[in-house]
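A.B. asks: Data: data-v3.csv, CSV, N, CA and C atoms.
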chain,number,residue,atom,x,y,z
A,139,MET,N,-73.2,191.5,158.9
A,139,MET,CA,-74.5,191.2,159.4
A,139,MET,C,-75.5,191.0,158.3
A,140,ILE,N,-76.6,190.2,158.6
A,140,ILE,CA,-77.5,189.8,157.5
A,140,ILE,C,-78.2,191.1,156.9
A,141,ASN,N,-78.6,192.0,157.8
A,141,ASN,CA,-79.3,193.2,157.3
A,141,ASN,C,-78.5,194.0,156.3
A,142,ASN,N,-77.2,194.1,156.6
A,142,ASN,CA,-76.3,194.8,155.7
A,142,ASN,C,-76.2,194.1,154.3
A,143,ALA,N,-76.1,192.8,154.3
A,143,ALA,CA,-76.0,192.0,153.1
A,143,ALA,C,-77.3,192.2,152.3
A,144,ILE,N,-78.4,192.2,152.9
A,144,ILE,CA,-79.7,192.3,152.2
A,144,ILE,C,-79.8,193.8,151.6
A,145,ILE,N,-79.4,194.7,152.4
A,145,ILE,CA,-79.5,196.1,152.0
A,145,ILE,C,-78.5,196.4,150.8
A,146,GLU,N,-77.3,195.8,150.8
A,146,GLU,CA,-76.3,195.9,149.7
A,146,GLU,C,-76.9,195.4,148.4
A,147,LYS,N,-77.7,194.4,148.5
A,147,LYS,CA,-78.3,193.8,147.2
A,147,LYS,C,-79.6,194.5,146.9
A,148,CYS,N,-79.9,195.6,147.6
A,148,CYS,CA,-81.1,196.4,147.3
A,148,CYS,C,-82.4,195.6,147.5
A,149,TYR,N,-82.5,194.8,148.5
A,149,TYR,CA,-83.7,194.0,148.8
A,149,TYR,C,-84.3,194.5,150.1
A,150,ASP,N,-85.6,194.3,150.3
A,150,ASP,CA,-86.2,194.6,151.6
A,150,ASP,C,-86.3,193.3,152.4
A,151,GLN,N,-86.1,193.4,153.7
A,151,GLN,CA,-86.2,192.3,154.5
A,151,GLN,C,-87.6,192.2,155.0
A,152,ILE,N,-88.2,191.0,155.0
A,152,ILE,CA,-89.5,190.7,155.5
A,152,ILE,C,-89.3,189.9,156.8
A,153,GLY,N,-89.7,190.5,157.9
A,153,GLY,CA,-89.5,189.9,159.2
A,153,GLY,C,-90.6,189.0,159.6
A,154,LYS,N,-91.9,189.3,159.4
A,154,LYS,CA,-93.0,188.5,159.8
A,154,LYS,C,-94.2,188.7,158.8
A,155,LEU,N,-94.8,187.6,158.5
A,155,LEU,CA,-96.0,187.6,157.6
A,155,LEU,C,-97.2,187.1,158.4
A,156,ARG,N,-98.3,187.4,157.8
A,156,ARG,CA,-99.6,186.8,158.4
A,156,ARG,C,-99.6,185.3,158.2
A,157,CYS,N,-100.3,184.6,159.1
A,157,CYS,CA,-100.4,183.2,159.0
A,157,CYS,C,-101.0,182.7,157.8
A,158,ASP,N,-101.9,183.5,157.1
A,158,ASP,CA,-102.5,183.0,155.9
A,158,ASP,C,-101.9,183.7,154.6
A,159,ALA,N,-100.7,184.1,154.7
A,159,ALA,CA,-100.0,184.7,153.6
A,159,ALA,C,-99.9,183.7,152.4
A,160,ASN,N,-100.2,184.1,151.2
A,160,ASN,CA,-100.1,183.3,150.0
A,160,ASN,C,-98.9,183.8,149.2
A,161,LEU,N,-97.7,183.3,149.3
A,161,LEU,CA,-96.6,183.8,148.5
A,161,LEU,C,-96.4,182.9,147.3
A,162,ARG,N,-96.1,183.5,146.2
A,162,ARG,CA,-95.9,182.8,144.9
A,162,ARG,C,-94.6,183.2,144.3
A,163,TYR,N,-93.9,182.2,143.7
A,163,TYR,CA,-92.7,182.5,143.0
A,163,TYR,C,-93.0,183.1,141.7
A,164,LEU,N,-92.2,184.1,141.2
A,164,LEU,CA,-92.4,184.7,139.9
A,164,LEU,C,-91.8,183.8,138.9
A,165,TYR,N,-92.5,183.7,137.7
A,165,TYR,CA,-92.0,182.8,136.6
A,165,TYR,C,-90.9,183.5,135.9
A,166,THR,N,-89.7,182.8,135.7
A,166,THR,CA,-88.6,183.4,135.0
A,166,THR,C,-88.2,182.6,133.8
A,167,GLY,N,-88.9,181.6,133.4
A,167,GLY,CA,-88.6,180.8,132.3
A,167,GLY,C,-89.0,181.4,131.0
A,168,GLU,N,-88.9,180.6,129.9
A,168,GLU,CA,-89.2,181.0,128.6
A,168,GLU,C,-90.7,181.0,128.4
A,169,GLN,N,-91.2,182.1,127.8
A,169,GLN,CA,-92.7,182.2,127.6
A,169,GLN,C,-93.1,181.5,126.3
A,170,LYS,N,-94.4,181.1,126.2
A,170,LYS,CA,-94.9,180.5,125.0
A,170,LYS,C,-95.2,181.7,124.0
A,171,PRO,N,-95.1,181.3,122.7
A,171,PRO,CA,-95.3,182.4,121.7
A,171,PRO,C,-96.7,182.9,121.7
A,172,LYS,N,-97.7,182.1,122.0
A,172,LYS,CA,-99.1,182.6,122.0
A,172,LYS,C,-99.7,182.6,123.4
A,173,GLY,N,-100.7,183.4,123.6
A,173,GLY,CA,-101.4,183.5,124.8
A,173,GLY,C,-100.8,184.4,125.8
A,174,ARG,N,-101.5,184.4,127.0
A,174,ARG,CA,-101.0,185.3,128.0
A,174,ARG,C,-99.7,184.8,128.6
A,175,PRO,N,-98.8,185.7,128.9
A,175,PRO,CA,-97.5,185.3,129.5
A,175,PRO,C,-97.7,184.7,130.9
A,176,LYS,N,-97.0,183.7,131.2
A,176,LYS,CA,-97.1,183.1,132.5
A,176,LYS,C,-96.4,184.0,133.6
A,177,LYS,N,-97.1,184.2,134.7
A,177,LYS,CA,-96.7,185.2,135.7
A,177,LYS,C,-96.1,184.5,136.9
A,178,TYR,N,-96.7,183.4,137.4
A,178,TYR,CA,-96.3,182.8,138.6
A,178,TYR,C,-95.8,181.3,138.4
A,179,ASP,N,-94.9,180.9,139.3
A,179,ASP,CA,-94.3,179.5,139.1
A,179,ASP,C,-94.7,178.6,140.3
A,180,GLY,N,-95.8,178.9,141.0
A,180,GLY,CA,-96.2,178.0,142.1
A,180,GLY,C,-96.1,178.7,143.4
A,181,LYS,N,-96.7,178.1,144.4
A,181,LYS,CA,-96.7,178.6,145.8
A,181,LYS,C,-95.4,178.3,146.5
A,182,MET,N,-95.1,179.2,147.4
A,182,MET,CA,-93.9,179.1,148.2
A,182,MET,C,-94.3,178.2,149.4
A,183,VAL,N,-93.5,177.2,149.7
A,183,VAL,CA,-93.8,176.3,150.8
A,183,VAL,C,-92.7,176.6,151.8
A,184,ILE,N,-93.1,177.1,153.0
A,184,ILE,CA,-92.2,177.4,154.1
A,184,ILE,C,-91.3,176.2,154.5
A,185,GLY,N,-90.0,176.4,154.5
A,185,GLY,CA,-89.1,175.3,154.8
A,185,GLY,C,-88.5,174.6,153.6
A,186,GLU,N,-89.1,174.8,152.4
A,186,GLU,CA,-88.5,174.1,151.2
A,186,GLU,C,-87.6,175.2,150.6
A,187,ILE,N,-86.3,174.8,150.5
A,187,ILE,CA,-85.3,175.8,150.0
A,187,ILE,C,-84.9,175.5,148.6
A,188,SER,N,-85.5,174.6,147.9
A,188,SER,CA,-85.1,174.3,146.5
A,188,SER,C,-85.2,175.5,145.5
A,189,HIS,N,-86.2,176.3,145.7
A,189,HIS,CA,-86.4,177.5,144.8
A,189,HIS,C,-85.7,178.7,145.3
A,190,LEU,N,-85.1,178.7,146.5
A,190,LEU,CA,-84.4,179.9,147.1
A,190,LEU,C,-83.0,180.0,146.6
A,191,ASP,N,-82.5,181.2,146.6
A,191,ASP,CA,-81.1,181.5,146.2
A,191,ASP,C,-80.3,181.7,147.5
A,192,PHE,N,-79.1,181.1,147.5
A,192,PHE,CA,-78.2,181.2,148.7
A,192,PHE,C,-77.6,182.6,148.7
A,193,ALA,N,-77.8,183.4,149.8
A,193,ALA,CA,-77.4,184.7,149.9
A,193,ALA,C,-76.1,184.9,150.7
A,194,GLY,N,-75.7,183.9,151.5
A,194,GLY,CA,-74.5,184.0,152.3
A,194,GLY,C,-74.7,183.4,153.7
A,195,VAL,N,-73.7,183.6,154.5
A,195,VAL,CA,-73.7,183.2,155.9
A,195,VAL,C,-73.6,184.4,156.8
A,196,SER,N,-74.4,184.4,157.8
A,196,SER,CA,-74.4,185.6,158.8
A,196,SER,C,-73.2,185.4,159.7
A,197,GLU,N,-73.0,186.4,160.5
A,197,GLU,CA,-71.9,186.4,161.5
A,197,GLU,C,-72.0,185.3,162.5
A,198,ASP,N,-73.2,184.9,162.8
A,198,ASP,CA,-73.4,183.8,163.8
A,198,ASP,C,-73.4,182.4,163.2
A,199,GLY,N,-73.2,182.3,161.9
A,199,GLY,CA,-73.1,181.0,161.2
A,199,GLY,C,-74.5,180.6,160.5
A,200,THR,N,-75.5,181.4,160.6
A,200,THR,CA,-76.8,181.1,160.0
A,200,THR,C,-76.7,181.2,158.5
A,201,LYS,N,-77.2,180.2,157.8
A,201,LYS,CA,-77.3,180.3,156.3
A,201,LYS,C,-78.5,181.2,156.0
A,202,VAL,N,-78.3,182.1,155.0
A,202,VAL,CA,-79.3,183.0,154.6
A,202,VAL,C,-79.7,182.7,153.1
A,203,TYR,N,-81.0,182.5,152.9
A,203,TYR,CA,-81.5,182.3,151.6
A,203,TYR,C,-82.5,183.4,151.2
A,204,MET,N,-82.7,183.7,149.9
A,204,MET,CA,-83.7,184.7,149.5
A,204,MET,C,-84.4,184.3,148.3
A,205,ALA,N,-85.5,184.9,148.0
A,205,ALA,CA,-86.3,184.8,146.8
A,205,ALA,C,-87.2,186.0,146.6
A,206,ILE,N,-87.5,186.3,145.4
A,206,ILE,CA,-88.4,187.4,145.1
A,206,ILE,C,-89.8,186.7,144.8
A,207,VAL,N,-90.7,187.0,145.7
A,207,VAL,CA,-92.0,186.4,145.6
A,207,VAL,C,-93.1,187.5,145.6
A,208,ASN,N,-94.3,187.1,145.2
A,208,ASN,CA,-95.4,188.0,145.2
A,208,ASN,C,-96.4,187.5,146.2
Would you encode the structure as C-alpha cells?
C.D. replies:
Amino acid sequence: MINNAIIEKCYDQIGKLRCDANLRYLYTGEQKPKGRPKKYDGKMVIGEISHLDFAGVSEDGTKVYMAIVN
C-alpha cells in the first residue's frame, strides 16, 4: 500500500494543502563559491511531474511520485 511505502522511506504523507499553499523545491545543485547559498529551486506546479521522483506503483495501479518541498 502507498502509506507503507512512504513510511518505509521515512517520509510524511501530505493529504491536503490550503488552496494558497506556496510549495518550493529545495536546491540540490552546486553552490557558488561567493555569496549566500541558494536555498530554493523554484515553485512547485501541481500536475508537473518533471521535478518529482518516482516512488513506485500502488496496489491499485496508481503511480506514486514524491518530492521534498518547503
A.B. asks: Using only C-alpha atoms, which protein or nucleic acid residues come within 10 Å of range 157-160 of chain A? Drop anything in the same chain fewer than 4 positions from it, and give the result as a PyMOL selection string.
C.D. replies: chain A and resi 181-183+207-208
A.B. asks: Apply DSSP to the structure's backbone, then extract all residues of chain A labelled strand (DSSP E or B) and return them as a list in words.
C.D. replies: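 Here are the strand (DSSP E or B) residues of chain A: Arg162, Tyr163, Leu164, Tyr178, Asp179, Gly180, Lys181, Asp191, Phe192, Ala193, Gly194, Val195, Lys201, Val202, Tyr203, Met204 and Val207 of chain A.
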A.B. asks: Would you pick out the contacts of Ala193 in chain A at 5 Å or less, using all atoms listed in the file, so that residues sharing its chain but fewer than 6 positions from it are not included, and give the list as a PyMOL selection string?
C.D. replies: chain A and resi 202-204
A.B. asks: Take the residues from that selection and write them out as a PDB file, in the frame of the given file, keeping N, CA and C atoms.
C.D. replies:
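And here's result_3.pdb as it stands now:
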ATOM      1  N   VAL A 202     -78.300 182.100 155.000  1.00  0.00           N
ATOM      2  CA  VAL A 202     -79.300 183.000 154.600  1.00  0.00           C
ATOM      3  C   VAL A 202     -79.700 182.700 153.100  1.00  0.00           C
ATOM      4  N   TYR A 203     -81.000 182.500 152.900  1.00  0.00           N
ATOM      5  CA  TYR A 203     -81.500 182.300 151.600  1.00  0.00           C
ATOM      6  C   TYR A 203     -82.500 183.400 151.200  1.00  0.00           C
ATOM      7  N   MET A 204     -82.700 183.700 149.900  1.00  0.00           N
ATOM      8  CA  MET A 204     -83.700 184.700 149.500  1.00  0.00           C
ATOM      9  C   MET A 204     -84.400 184.300 148.300  1.00  0.00           C
TER      10      MET A 204
END
A.B. asks: Could you tell me, as an MDAnalysis selection string, which residues of chain A DSSP assigns to alpha helix (DSSP H) when given the backbone?
C.D. replies: chainID A and resid 140:146
A.B. asks: Neighbours of range 165-172 of chain A within 12 Å (only C-alpha atoms; same-chain residues fewer than 2 positions away dropped), as a PDB file with N, CA and C atoms, keeping the file's coordinate frame?
C.D. replies:
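Result written to out_12.pdb:
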ATOM      1  N   ARG A 162     -96.100 183.500 146.200  1.00  0.00           N
ATOM      2  CA  ARG A 162     -95.900 182.800 144.900  1.00  0.00           C
ATOM      3  C   ARG A 162     -94.600 183.200 144.300  1.00  0.00           C
ATOM      4  N   TYR A 163     -93.900 182.200 143.700  1.00  0.00           N
ATOM      5  CA  TYR A 163     -92.700 182.500 143.000  1.00  0.00           C
ATOM      6  C   TYR A 163     -93.000 183.100 141.700  1.00  0.00           C
ATOM      7  N   ARG A 174    -101.500 184.400 127.000  1.00  0.00           N
ATOM      8  CA  ARG A 174    -101.000 185.300 128.000  1.00  0.00           C
ATOM      9  C   ARG A 174     -99.700 184.800 128.600  1.00  0.00           C
ATOM     10  N   PRO A 175     -98.800 185.700 128.900  1.00  0.00           N
ATOM     11  CA  PRO A 175     -97.500 185.300 129.500  1.00  0.00           C
ATOM     12  C   PRO A 175     -97.700 184.700 130.900  1.00  0.00           C
ATOM     13  N   LYS A 176     -97.000 183.700 131.200  1.00  0.00           N
ATOM     14  CA  LYS A 176     -97.100 183.100 132.500  1.00  0.00           C
ATOM     15  C   LYS A 176     -96.400 184.000 133.600  1.00  0.00           C
ATOM     16  N   LYS A 177     -97.100 184.200 134.700  1.00  0.00           N
ATOM     17  CA  LYS A 177     -96.700 185.200 135.700  1.00  0.00           C
ATOM     18  C   LYS A 177     -96.100 184.500 136.900  1.00  0.00           C
ATOM     19  N   TYR A 178     -96.700 183.400 137.400  1.00  0.00           N
ATOM     20  CA  TYR A 178     -96.300 182.800 138.600  1.00  0.00           C
ATOM     21  C   TYR A 178     -95.800 181.300 138.400  1.00  0.00           C
ATOM     22  N   ASP A 179     -94.900 180.900 139.300  1.00  0.00           N
ATOM     23  CA  ASP A 179     -94.300 179.500 139.100  1.00  0.00           C
ATOM     24  C   ASP A 179     -94.700 178.600 140.300  1.00  0.00           C
ATOM     25  N   GLY A 180     -95.800 178.900 141.000  1.00  0.00           N
ATOM     26  CA  GLY A 180     -96.200 178.000 142.100  1.00  0.00           C
ATOM     27  C   GLY A 180     -96.100 178.700 143.400  1.00  0.00           C
ATOM     28  N   LYS A 181     -96.700 178.100 144.400  1.00  0.00           N
ATOM     29  CA  LYS A 181     -96.700 178.600 145.800  1.00  0.00           C
ATOM     30  C   LYS A 181     -95.400 178.300 146.500  1.00  0.00           C
ATOM     31  N   HIS A 189     -86.200 176.300 145.700  1.00  0.00           N
ATOM     32  CA  HIS A 189     -86.400 177.500 144.800  1.00  0.00           C
ATOM     33  C   HIS A 189     -85.700 178.700 145.300  1.00  0.00           C
ATOM     34  N   ALA A 205     -85.500 184.900 148.000  1.00  0.00           N
ATOM     35  CA  ALA A 205     -86.300 184.800 146.800  1.00  0.00           C
ATOM     36  C   ALA A 205     -87.200 186.000 146.600  1.00  0.00           C
ATOM     37  N   ILE A 206     -87.500 186.300 145.400  1.00  0.00           N
ATOM     38  CA  ILE A 206     -88.400 187.400 145.100  1.00  0.00           C
ATOM     39  C   ILE A 206     -89.800 186.700 144.800  1.00  0.00           C
ATOM     40  N   VAL A 207     -90.700 187.000 145.700  1.00  0.00           N
ATOM     41  CA  VAL A 207     -92.000 186.400 145.600  1.00  0.00           C
ATOM     42  C   VAL A 207     -93.100 187.500 145.600  1.00  0.00           C
ATOM     43  N   ASN A 208     -94.300 187.100 145.200  1.00  0.00           N
ATOM     44  CA  ASN A 208     -95.400 188.000 145.200  1.00  0.00           C
ATOM     45  C   ASN A 208     -96.400 187.500 146.200  1.00  0.00           C
TER      46      ASN A 208
END
A.B. asks: Mind pulling up the distance from atom C of Gly173 in chain A to atom N of Leu190 in chain A?
C.D. replies: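 So the answer is 26.6 Å.
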A.B. asks: Do you have the CA of Ser196 in chain A-CA of Arg156 in chain A distance handy?
C.D. replies: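 Answer for the CA of Ser196 in chain A to CA of Arg156 in chain A separation: 25.2 Å.
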